[in-house]
Structure formats: structure tokens, C-alpha cells
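Visitor: First the structure, then my questions, so here it is.
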Amino acid sequence: MASSSATRPAPRATAKTPEASGAASPRADERGFAFASSRFQEMVEDVLRQAREMGASDAAADVSEGAGLSVSVRKGELEHVERNRDKSLSVSLYLGQKHGSASTSDFSPQAIRQTVRAAYDIARFTAEDPVSGLPDAEDLATAEEAARDLRLFHAWDIDAERATELALRCEAAGMAVDRRITNSEGAGVSAQQEHFWAGNSRGFRGGFASSRYSLSVALIAGRGKAMQRDAWYSSKRNPVALSSPEAIGRYAAERTLSRLGSRRVATSSVPVLFESTIAVGLIGSFVQAVSGGALYRKASFLLDSLGKPVMAGHLDILEDPHVPEAVGSAPFDSEGVRTKARRVVDAGVLQGYFLSSYSARKLGMRTTGHAGGSQNLRLVSRLTDPKDDLPEMLRKLGRGLFVTELMGQGVNGVTGDYSRGASGFWVEDGRIVHPVEEITIAGNLREMLQGIQAVGADTYTYGAKTTGSVLVDGMKLAGS
């Protein structure tokens with residue numbers, strides 16, 4: 001019979017942060033940035049004009065500004081307050097197939113001229129690259145496409161005093177859950193906002209403002225060699241959607257308490273259930289393997305996989321860059337190429353790579369609009385039932401390892417070999433028996449992706465990737 005501290009708490013619906021209610025979404029220049037978007041547009045046009053006058057065959061410019069606040073507390077005391085404000089102008093200039101780039105944080109006319117000249121001089125003395133150049137005009141987002149409103153910016157008029165209050169409430173709620181919570185690594189609030197404008201000599205113009213807010217806490221339970229640590233957080237573009245400080249603190253405490261009494265288990269080969277928070281890493285490894293840089297360098301275990309099975313036949317990976325308020329949303333990529341919804345994997349078969357203009361040309365292909373990375377990926381199984389919550393996924397696991405934390409960087413992108421330090425819970429007859437620590441799980445990503453038996457309905461989004469818990473049919477477990 002498992003003790004109460006060994007029962008893994010399931011993520012729960014949480015109340016929203018009341019302080020965030022009423023937050024508005026004005027234009028960026030009304031929000032309090034030092035530079036209006038109209039000024040950025042003027043700067044981009046000025047850079048493109050100067051590049052053309054210098055004799056550049058093509059040019060691109062990007063102007064951005066960011067501002068933020070970070071506050072951390074520990075054991076009821078304020079530890080750290082940091083404000084950041086930065087700005088940058090980046091110039092890319094082409095002389096045929098020669099490329100030069102330069103950047104500056106000085107927006108004075110003289111500094112801008114010097115930056116354009118620096119990019120020009122670098123291009124003059126750079127070797128020709130036959131695939132270098134801006135995206136083809138037909139791939140660039142139109143003015144209408146670039147102006148798509150995805151609600152990526154939400155104002156939050158929060159100061160250091162208010163942020164400190166939220167962090168203290170979060171930590172206090174966690175510390176109050178159980179007297180076995182003996183220490184804290186601290187709680188923090190982060191509020192970041194930015195806006196940019198970009199353009200190039202092939203007609204692209206576009207930019208938008210964005211925001212991201214987070215609240216987190218890490219707690220420690222037990223004493224001496226029996227101490228355990230865990231954490232939880234909430235991160236959103238819209239502060240209204242943040243979980244309440246108390247809910248985050250309580251859930252972090254429950255996760256920490258559930259790890260008390262951890263021990264090693266015997267070396268064996270067993271099925272492994274990855275918690276949804278960890279399973280997103282499998283998607284990340286897959287994306288890296290089918291991205292242009294790894295492919296044209298022939299440094300991927302999924303070379304020449306287009307149109308071939310790369311996952312179990314019941315799996316799909318869907319991509320939608322136009323989800324309102326999502327972290328991975330954008331109307332165009334960092335080169336100005338339009339973004340599109342697509343099915344990356346269909347019934348286990350790879351339908352498309354992740355390519356920038358450069359990597360696409362290296363491969364003799366066309367850009368997929370992924371300069372800057374993937375956009376809102378979702379791993380789904382055609383076998384998933386809406387009732388496949390975490391308890392049901394544990395029943396599907398039966399006997400094996402439920403992984404809730406991974407350590408180290410033991411993933412070989414060339415061979416697919418996978419070996420990571422892990423901790424979690426041992427499961428018998430579909431029920432958690434005790435927490436587990438100081439073990440290693442190993443396998444090969446190609447076989448792991450093909451061996452996914454189920455994906456839970458307990459979905460979790462980390463950055464631009466979403467999945468439920470993932471059950472892999474068998475991995476090597478190195479323990480005692």
C-alpha cells in the first residue's frame with residue numbers, strides 16, 4: 001500500500017490571479033515603450049535606403065525594444081529585483097551571394113549609418129555562398145498576412161511591490177501545506193514585454209508586440225539526506241490566464257511531498273510513462289532531428305525520412321502557428337516568411353521538415369517558414385480517449401516506471417541514442433507504490449518514437465509544444 005506522500009498529485013484546474021483582472025491590450029506605443037512602432041518603421045526604411053545607395057543587391061533590417069521586471073523572494077524576504085530595458089537594430093546586407101550583418105543598440109543617425117556600413121564592409125570581404133540570400137518573394141508574408149492579430153500582447157501594469165506580494169503569497173501557500181516542507185528555493189515573478197518591426201528589400205514589412213508573464217516557486221521537503229525538491233509555475237502571454245499564487249504554491253508543495261521516501265529500484269527493462277511535463281522533451285528531440293541544420297549537416301538519426309514512418313502509426317503531430325495568445329504563435333517567421341498550419345506527422349509518417357530559407361536551399365527544397373523554430377506543435381494519438389487522465393495512463397502502464405524528472409543532456413542527435421538520469425515513481429498494477437530516484441533510463445529515440453503505446457488526455461503545454469503523458473513500450477532502467 002502506498003503512503004499518502006508517495007501518491008503523485010495530478011495537475012488541477014487553478015483559480016486565476018485576481019490582480020491581473022481588467023488588464024487591457026492597447027497598442028505597444030500606448031503601453032509605455034520608449035519607441036513607437038512608427039519610429040521603428042522609419043528606421044527600417046532608412047536602413048534599406050542606405051543599403052541600396054551603397055550598392056547592396058538585397059538587404060533586411062529588424063528593430064526591437066524589450067522591457068521587463070523580475071522579482072524573487074525566499075523564506076518570506078525579498079531577494080532580488082531586476083528591471084531590464086534593451087533595444088537593438090540588426091542589419092543583413094547582400095552583395096550578390098556575399099553576406100554581411102551588423103547590429104547596434106545606438107539608434108542615432110550616425111550609429112545607424114555606421115552599422116549599415118559595417119554590414120556592407122563585412123559582405124565585401126566574405127566568401128560567396130551559393131545558397132545565401134533573402135527568402136524568395138513568393139514565400140514572404142503579404143501585408144495582410146503580416147498584420148494578422150494573434151493577441152500576443154497583453155499589458156500588465158505591475159510594479160516591484162506588487163510582484164513581490166504575489167511571489168510572497170505563492171511561497172507562503174506552499175510552505176503552509178505541511179510541516180514536512182522545511183525550506184524554499186524561492187518564488188519569483190517575471191513580466192516581459194517587447195515589440196519589433198522588420199522589413200527587407202523584397203517587399204516584406206511586418207512587426208508586432210508580445211508579452212510573457214510567469215509566476216513560480218521551488219520547495220524542499222524533509223531534512224538531511226532525505227530532502228527532496230520540486231517546483232511548479234504558470235506562464236502565459238495574458239496575465240489574466242495565470243494561475244493564482246496560492247494554487248501554484250500548494251501544487252509545488254504536493255509535488256515535493258510526493259517525492260519523500262524515494263529509493264532506487266533494480267536494473268531491468270520496463271515500459272516507461274513520461275509525465276506530460278517531461279514528454280514535451282521527446283517532441284523537442286524529434287524536431288531537432290528533422291530540422292534543416294541537422295539534416296544538411298547529415299547529423300540526424302532521421303535523415304531522408306520524409307514520407308516514411310517515424311512514429312507509431314496512431315500518432316500525429318499538428319502545427320498551428322495562428323493560435324491566439326499562444327507562445328509559439330506568429331504570422332511570419334524571423335525571415336518574414338508566412339507561417340501555415342500543417343500536419344507534420346500523419347499516422348506516424350513524416351510529412352514535412354522544419355526549414356529556413358538557407359537550410360532549404362542547402363537541401364534543394366523550399367522554406368517551410370521555420371527560421372526561428374517550430375510553432376505550436378501538438379502530439380496527439382488517434383487512440384486517446386477523453387477519459388485517459390493520469391490515473392488511467394498509470395493503469396495502462398501497469399508495471400513500470402513513471403518518470404517525472406530528467407537530468408543531464410544524454411541525447412545523441414546523430415545516432416538517436418538516449419540516456420538520461422531520471423526520478424519518478426514505481427508503479428505496480430497501475431498504482432504508484434513508491435517514489436524512485438538515482439536511476440538512468442536508456443533507449444534509442446527512433447525505437448522510442450515507434451514504440452509509443454499511448455498519449456494521455458492530460459495535456460500540458462511547455463513553450464510551443466503540447467502533449468499528454470506518453471507511454472513507451474520498453475526502455476532499459478539502470479538502478480541498484
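Starting from 1 in every chain, residues are counted up; chains themselves are A, B, ... following the order of the C-alpha cells, and ligands are numbered from 1 as listed.
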Give me, as a ChimeraX atom specification, all polymer residues having an atom no more than 6 Å from segment 194-202 of chain A, counting only C-alpha atoms and skipping those fewer than 3 positions away in the same chain.
Guide: /A:40,58-66,137,205-210
Visitor: What residues in segment 80-240 of chain A get the DSSP label alpha helix (DSSP H)? Please answer as a ChimeraX atom specification.
Guide: /A:109-124,143-146,160-175
Visitor: Please dump the current selection as a CSV table (one decimal), in the first residue's frame; keep N, CA and C atoms.
Guide:
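Output below, filename again.csv:
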chain,number,residue,atom,x,y,z
A,109,PRO,N,21.3,58.7,-35.8
A,109,PRO,CA,21.5,58.5,-37.3
A,109,PRO,C,23.0,58.1,-37.6
A,110,GLN,N,23.9,58.7,-36.9
A,110,GLN,CA,25.3,58.4,-37.2
A,110,GLN,C,25.6,56.9,-36.9
A,111,ALA,N,25.1,56.4,-35.8
A,111,ALA,CA,25.3,54.9,-35.4
A,111,ALA,C,24.6,54.0,-36.5
A,112,ILE,N,23.5,54.4,-36.9
A,112,ILE,CA,22.8,53.6,-37.9
A,112,ILE,C,23.6,53.6,-39.2
A,113,ARG,N,24.1,54.7,-39.7
A,113,ARG,CA,24.9,54.7,-40.9
A,113,ARG,C,26.1,53.8,-40.7
A,114,GLN,N,26.8,53.9,-39.5
A,114,GLN,CA,28.0,53.1,-39.3
A,114,GLN,C,27.6,51.6,-39.3
A,115,THR,N,26.5,51.3,-38.8
A,115,THR,CA,26.1,49.8,-38.8
A,115,THR,C,25.8,49.3,-40.2
A,116,VAL,N,25.1,50.1,-41.0
A,116,VAL,CA,24.9,49.7,-42.4
A,116,VAL,C,26.2,49.6,-43.1
A,117,ARG,N,27.1,50.5,-42.9
A,117,ARG,CA,28.5,50.4,-43.5
A,117,ARG,C,29.2,49.2,-43.0
A,118,ALA,N,29.1,48.9,-41.7
A,118,ALA,CA,29.8,47.7,-41.2
A,118,ALA,C,29.3,46.4,-41.9
A,119,ALA,N,28.0,46.3,-42.0
A,119,ALA,CA,27.5,45.2,-42.7
A,119,ALA,C,27.9,45.1,-44.1
A,120,TYR,N,28.0,46.2,-44.8
A,120,TYR,CA,28.5,46.3,-46.2
A,120,TYR,C,29.9,45.9,-46.3
A,121,ASP,N,30.8,46.4,-45.4
A,121,ASP,CA,32.2,46.0,-45.4
A,121,ASP,C,32.4,44.5,-45.1
A,122,ILE,N,31.7,44.0,-44.2
A,122,ILE,CA,31.8,42.6,-43.9
A,122,ILE,C,31.4,41.7,-45.1
A,123,ALA,N,30.3,42.2,-45.8
A,123,ALA,CA,29.9,41.4,-47.0
A,123,ALA,C,31.0,41.5,-48.1
A,124,ARG,N,31.7,42.6,-48.2
A,124,ARG,CA,32.7,42.7,-49.3
A,124,ARG,C,33.8,41.7,-49.1
A,143,ALA,N,1.2,42.0,-46.8
A,143,ALA,CA,0.9,42.9,-45.7
A,143,ALA,C,-0.3,42.5,-44.9
A,144,GLU,N,-1.3,41.9,-45.6
A,144,GLU,CA,-2.5,41.4,-44.9
A,144,GLU,C,-2.1,40.2,-43.9
A,145,GLU,N,-1.3,39.3,-44.4
A,145,GLU,CA,-0.9,38.2,-43.6
A,145,GLU,C,-0.1,38.6,-42.4
A,146,ALA,N,0.8,39.6,-42.7
A,146,ALA,CA,1.7,40.0,-41.6
A,146,ALA,C,1.0,40.7,-40.5
A,160,ALA,N,7.3,46.5,-8.8
A,160,ALA,CA,8.1,45.6,-8.0
A,160,ALA,C,7.4,45.3,-6.7
A,161,GLU,N,6.6,46.2,-6.1
A,161,GLU,CA,5.9,46.0,-4.8
A,161,GLU,C,4.8,44.9,-5.0
A,162,ARG,N,4.1,45.1,-6.1
A,162,ARG,CA,3.0,44.1,-6.4
A,162,ARG,C,3.5,42.8,-6.7
A,163,ALA,N,4.6,42.7,-7.5
A,163,ALA,CA,5.2,41.5,-7.9
A,163,ALA,C,5.8,40.7,-6.7
A,164,THR,N,6.4,41.5,-5.8
A,164,THR,CA,6.9,40.9,-4.5
A,164,THR,C,5.8,40.3,-3.7
A,165,GLU,N,4.6,41.0,-3.6
A,165,GLU,CA,3.5,40.5,-2.9
A,165,GLU,C,3.0,39.1,-3.5
A,166,LEU,N,2.9,39.0,-4.8
A,166,LEU,CA,2.5,37.8,-5.4
A,166,LEU,C,3.4,36.7,-5.1
A,167,ALA,N,4.7,36.9,-5.2
A,167,ALA,CA,5.8,35.9,-5.0
A,167,ALA,C,5.7,35.4,-3.6
A,168,LEU,N,5.6,36.4,-2.6
A,168,LEU,CA,5.5,36.0,-1.2
A,168,LEU,C,4.3,35.2,-0.9
A,169,ARG,N,3.1,35.5,-1.5
A,169,ARG,CA,1.9,34.7,-1.3
A,169,ARG,C,2.1,33.3,-1.9
A,170,CYS,N,2.7,33.2,-3.0
A,170,CYS,CA,3.0,31.9,-3.6
A,170,CYS,C,3.8,31.0,-2.7
A,171,GLU,N,4.9,31.6,-2.2
A,171,GLU,CA,5.8,30.8,-1.4
A,171,GLU,C,5.1,30.4,-0.1
A,172,ALA,N,4.4,31.4,0.5
A,172,ALA,CA,3.8,31.1,1.8
A,172,ALA,C,2.7,30.0,1.7
A,173,ALA,N,2.0,30.0,0.6
A,173,ALA,CA,1.0,29.0,0.4
A,173,ALA,C,1.6,27.6,0.4
A,174,GLY,N,2.8,27.5,-0.3
A,174,GLY,CA,3.5,26.2,-0.4
A,174,GLY,C,4.0,25.8,1.0
A,175,MET,N,4.6,26.7,1.7
A,175,MET,CA,5.2,26.4,3.0
A,175,MET,C,4.2,26.0,4.0
Visitor: Near Asp304 of chain A, counting only C-alpha atoms, which residues have an atom at most 10 Å away, once you skip same-chain residues fewer than 6 positions from it, shown as a list in words?
Guide: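 What passes the distance filter is Val290, Leu295 and Lys298 of chain A.
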Visitor: Applying 8 Å and only C-alpha atoms, which residues near segment 267-279 of chain A remain after dropping the ones on its own chain fewer than 2 positions away? List them as a ChimeraX atom specification.
Guide: /A:265,281-283,393-394,397,399-406,458-462,467-480
Visitor: Which residues in segment 134-249 of chain A does DSSP call strand (DSSP E)? List them as a short mmCIF file (atom, residue, chain, number, x, y, z; two decimals) with C-alpha atoms, in the first residue's frame.
Guide:
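To be explicit, this is the file written out as states-v8.cif:
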data_model
loop_
_atom_site.label_atom_id
_atom_site.label_comp_id
_atom_site.auth_asym_id
_atom_site.auth_seq_id
_atom_site.Cartn_x
_atom_site.Cartn_y
_atom_site.Cartn_z
CA ILE A 181 8.02 21.39 3.82
CA THR A 182 11.16 22.60 5.55
CA ASN A 183 12.77 25.04 3.15
CA SER A 184 12.33 27.04 -0.03
CA GLU A 185 14.50 27.79 -3.02
CA GLY A 186 12.36 30.85 -3.57
CA ALA A 187 9.47 32.16 -5.61
CA GLY A 188 9.59 34.59 -8.49
CA VAL A 189 7.54 36.79 -10.79
CA SER A 190 8.67 37.75 -14.29
CA ALA A 191 6.97 40.25 -16.61
CA GLN A 192 8.48 40.73 -20.07
CA GLN A 193 7.18 42.81 -22.98
CA GLU A 194 8.67 43.61 -26.36
CA HIS A 195 7.87 44.89 -29.83
CA PHE A 196 9.68 44.96 -33.16
CA TRP A 197 9.42 45.91 -36.80
CA ALA A 198 11.20 44.22 -39.71
CA GLY A 199 11.48 44.67 -43.44
CA ASN A 200 13.53 43.68 -46.45
CA ARG A 205 7.16 44.60 -43.87
CA GLY A 206 5.79 43.50 -40.53
CA ALA A 209 4.22 43.45 -29.82
CA SER A 210 4.28 40.48 -27.48
CA SER A 211 4.25 39.78 -23.76
CA ARG A 212 5.01 36.90 -21.42
CA TYR A 213 4.42 36.62 -17.70
CA SER A 214 5.28 33.91 -15.19
CA LEU A 215 4.99 33.00 -11.52
CA SER A 216 6.97 30.13 -9.99
CA VAL A 217 8.15 28.53 -6.76
CA ALA A 218 10.54 25.72 -5.75
CA LEU A 219 10.21 23.99 -2.36
CA ILE A 220 12.18 21.50 -0.27
CA ALA A 221 10.74 18.78 1.97
CA GLN A 228 13.53 16.28 -1.77
CA ARG A 229 12.83 19.20 -4.08
CA ASP A 230 10.19 20.03 -6.66
CA ALA A 231 8.62 23.11 -8.22
CA TRP A 232 5.69 24.45 -10.20
CA TYR A 233 4.93 27.52 -12.25
CA SER A 234 2.46 29.26 -14.54
CA SER A 235 3.48 31.13 -17.70
CA LYS A 236 1.16 32.99 -20.08
#
Visitor: At a cut-off of 6 Å, using only C-alpha atoms, what residues contact Ser356 of chain A? Leave out same-chain residues fewer than 4 positions from it and give the result as a tab-separated table (two decimals) with N, CA and C atoms, in the first residue's frame.
Guide:
chain	number	residue	atom	x	y	z
A	360	ALA	N	16.78	25.19	-46.44
A	360	ALA	CA	16.00	24.64	-47.55
A	360	ALA	C	16.83	24.62	-48.83
A	367	THR	N	11.64	26.70	-48.31
A	367	THR	CA	11.46	27.03	-46.90
A	367	THR	C	10.07	26.63	-46.42
A	370	HIS	N	10.22	28.28	-41.01
A	370	HIS	CA	10.64	27.94	-39.66
A	370	HIS	C	12.00	28.52	-39.27
A	371	ALA	N	12.34	29.66	-39.86
A	371	ALA	CA	13.50	30.40	-39.34
A	371	ALA	C	13.09	30.90	-37.96
Visitor: Between atom CA of Val131 of chain A and atom CA of Tyr353 of chain A, what is the spacing in Å?
Guide: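 Atom CA of Val131 of chain A lies at a distance of 18.1 Å from atom CA of Tyr353 of chain A.
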Visitor: By how many Å are atom CA of Arg39 of chain A and atom CA of Thr104 of chain A apart?
Guide: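 Value for the atom CA of Arg39 of chain A-atom CA of Thr104 of chain A distance: 16.0 Å.
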Visitor: Taking 5 positions as the minimum chain separation for residues in the same chain, which residues sit within 7 Å of Leu377 of chain A when counting only C-alpha atoms? Answer as a list in words.
Guide: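 My list of contacting residues is Ile317, Leu318, Glu319, Asp320, Ala464, Lys465 and Thr466 of chain A.
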Visitor: Go ahead and save the picked residues with all heavy atoms, as a compact mmCIF listing (two decimals), in the first residue's frame.
Guide:
# COMPACT_ATOMS: atom_id res chain seq x y z
N ILE A 317 1.44 14.66 -35.43
CA ILE A 317 1.94 15.92 -34.86
C ILE A 317 1.36 17.05 -35.70
O ILE A 317 1.58 17.12 -36.91
CB ILE A 317 3.48 15.99 -34.85
CG1 ILE A 317 4.05 14.97 -33.85
CG2 ILE A 317 3.94 17.39 -34.47
CD1 ILE A 317 5.56 15.04 -33.69
N LEU A 318 0.59 17.90 -35.04
CA LEU A 318 -0.07 19.00 -35.70
C LEU A 318 0.63 20.31 -35.35
O LEU A 318 1.10 20.49 -34.23
CB LEU A 318 -1.54 19.07 -35.27
CG LEU A 318 -2.32 17.74 -35.31
CD1 LEU A 318 -3.72 17.94 -34.78
CD2 LEU A 318 -2.34 17.19 -36.72
N GLU A 319 0.67 21.22 -36.31
CA GLU A 319 1.30 22.52 -36.07
C GLU A 319 0.34 23.62 -36.49
O GLU A 319 -0.19 23.61 -37.59
CB GLU A 319 2.61 22.65 -36.85
CG GLU A 319 3.34 23.95 -36.59
CD GLU A 319 4.72 24.00 -37.25
OE1 GLU A 319 4.85 23.47 -38.36
OE2 GLU A 319 5.64 24.55 -36.65
N ASP A 320 0.12 24.57 -35.58
CA ASP A 320 -0.76 25.70 -35.88
C ASP A 320 -0.14 26.98 -35.33
O ASP A 320 -0.22 27.27 -34.14
CB ASP A 320 -2.14 25.49 -35.26
CG ASP A 320 -3.12 26.59 -35.67
OD1 ASP A 320 -2.69 27.55 -36.33
OD2 ASP A 320 -4.31 26.49 -35.31
N ALA A 464 6.24 26.13 -26.99
CA ALA A 464 5.47 25.95 -28.23
C ALA A 464 5.11 24.49 -28.48
O ALA A 464 4.79 24.12 -29.60
CB ALA A 464 6.27 26.49 -29.41
N LYS A 465 5.14 23.65 -27.44
CA LYS A 465 4.88 22.22 -27.61
C LYS A 465 3.84 21.74 -26.60
O LYS A 465 3.89 22.11 -25.42
CB LYS A 465 6.16 21.41 -27.49
CG LYS A 465 7.23 21.81 -28.51
CD LYS A 465 8.53 21.09 -28.26
CE LYS A 465 9.59 21.51 -29.29
NZ LYS A 465 9.94 22.96 -29.17
N THR A 466 2.92 20.89 -27.07
CA THR A 466 1.84 20.38 -26.21
C THR A 466 1.71 18.88 -26.38
O THR A 466 1.72 18.36 -27.50
CB THR A 466 0.49 21.03 -26.59
OG1 THR A 466 0.59 22.45 -26.41
CG2 THR A 466 -0.64 20.50 -25.72
Visitor: Using only C-alpha atoms, which residues sit within 7 Å of Phe204 of chain A once same-chain residues fewer than 6 positions away are excluded, as a ChimeraX atom specification?
Guide: /A:140-142,336
Visitor: Only N, CA, C and O atoms, please: the residues just picked out, written as a short mmCIF file (atom, residue, chain, number, x, y, z; two decimals), in the first residue's frame.
Guide:
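Writing the result to again_35.cif gives the following:
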data_model
loop_
_atom_site.label_atom_id
_atom_site.label_comp_id
_atom_site.auth_asym_id
_atom_site.auth_seq_id
_atom_site.Cartn_x
_atom_site.Cartn_y
_atom_site.Cartn_z
N LEU A 140 7.25 35.22 -48.91
CA LEU A 140 7.12 36.23 -47.87
C LEU A 140 5.66 36.51 -47.55
O LEU A 140 4.78 36.45 -48.42
N ALA A 141 5.39 36.83 -46.29
CA ALA A 141 4.03 37.18 -45.87
C ALA A 141 3.60 38.48 -46.54
O ALA A 141 4.38 39.44 -46.64
N THR A 142 2.37 38.52 -47.01
CA THR A 142 1.83 39.75 -47.56
C THR A 142 1.51 40.71 -46.42
O THR A 142 1.53 40.33 -45.24
N GLY A 336 10.46 36.70 -42.22
CA GLY A 336 9.31 37.30 -42.88
C GLY A 336 8.51 36.34 -43.73
O GLY A 336 7.57 36.74 -44.42
#
Visitor: So, with only C-alpha atoms as the atoms that count, which of A:Leu95, A:Gly293, A:Val310, A:Asn412 lies closest to Gly372 of chain A?
Guide: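 Going through A:Leu95, A:Gly293, A:Val310, A:Asn412 one by one, the smallest distance to Gly372 of chain A is for A:Gly293.
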Visitor: May I ask which of the residues A:Val177, A:Ala454, A:Ala442, A:Leu89 is the closest one to Leu257 of chain A, counting only C-alpha atoms?
Guide: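 The shortest atom-to-atom distance to Leu257 of chain A comes from A:Val177.
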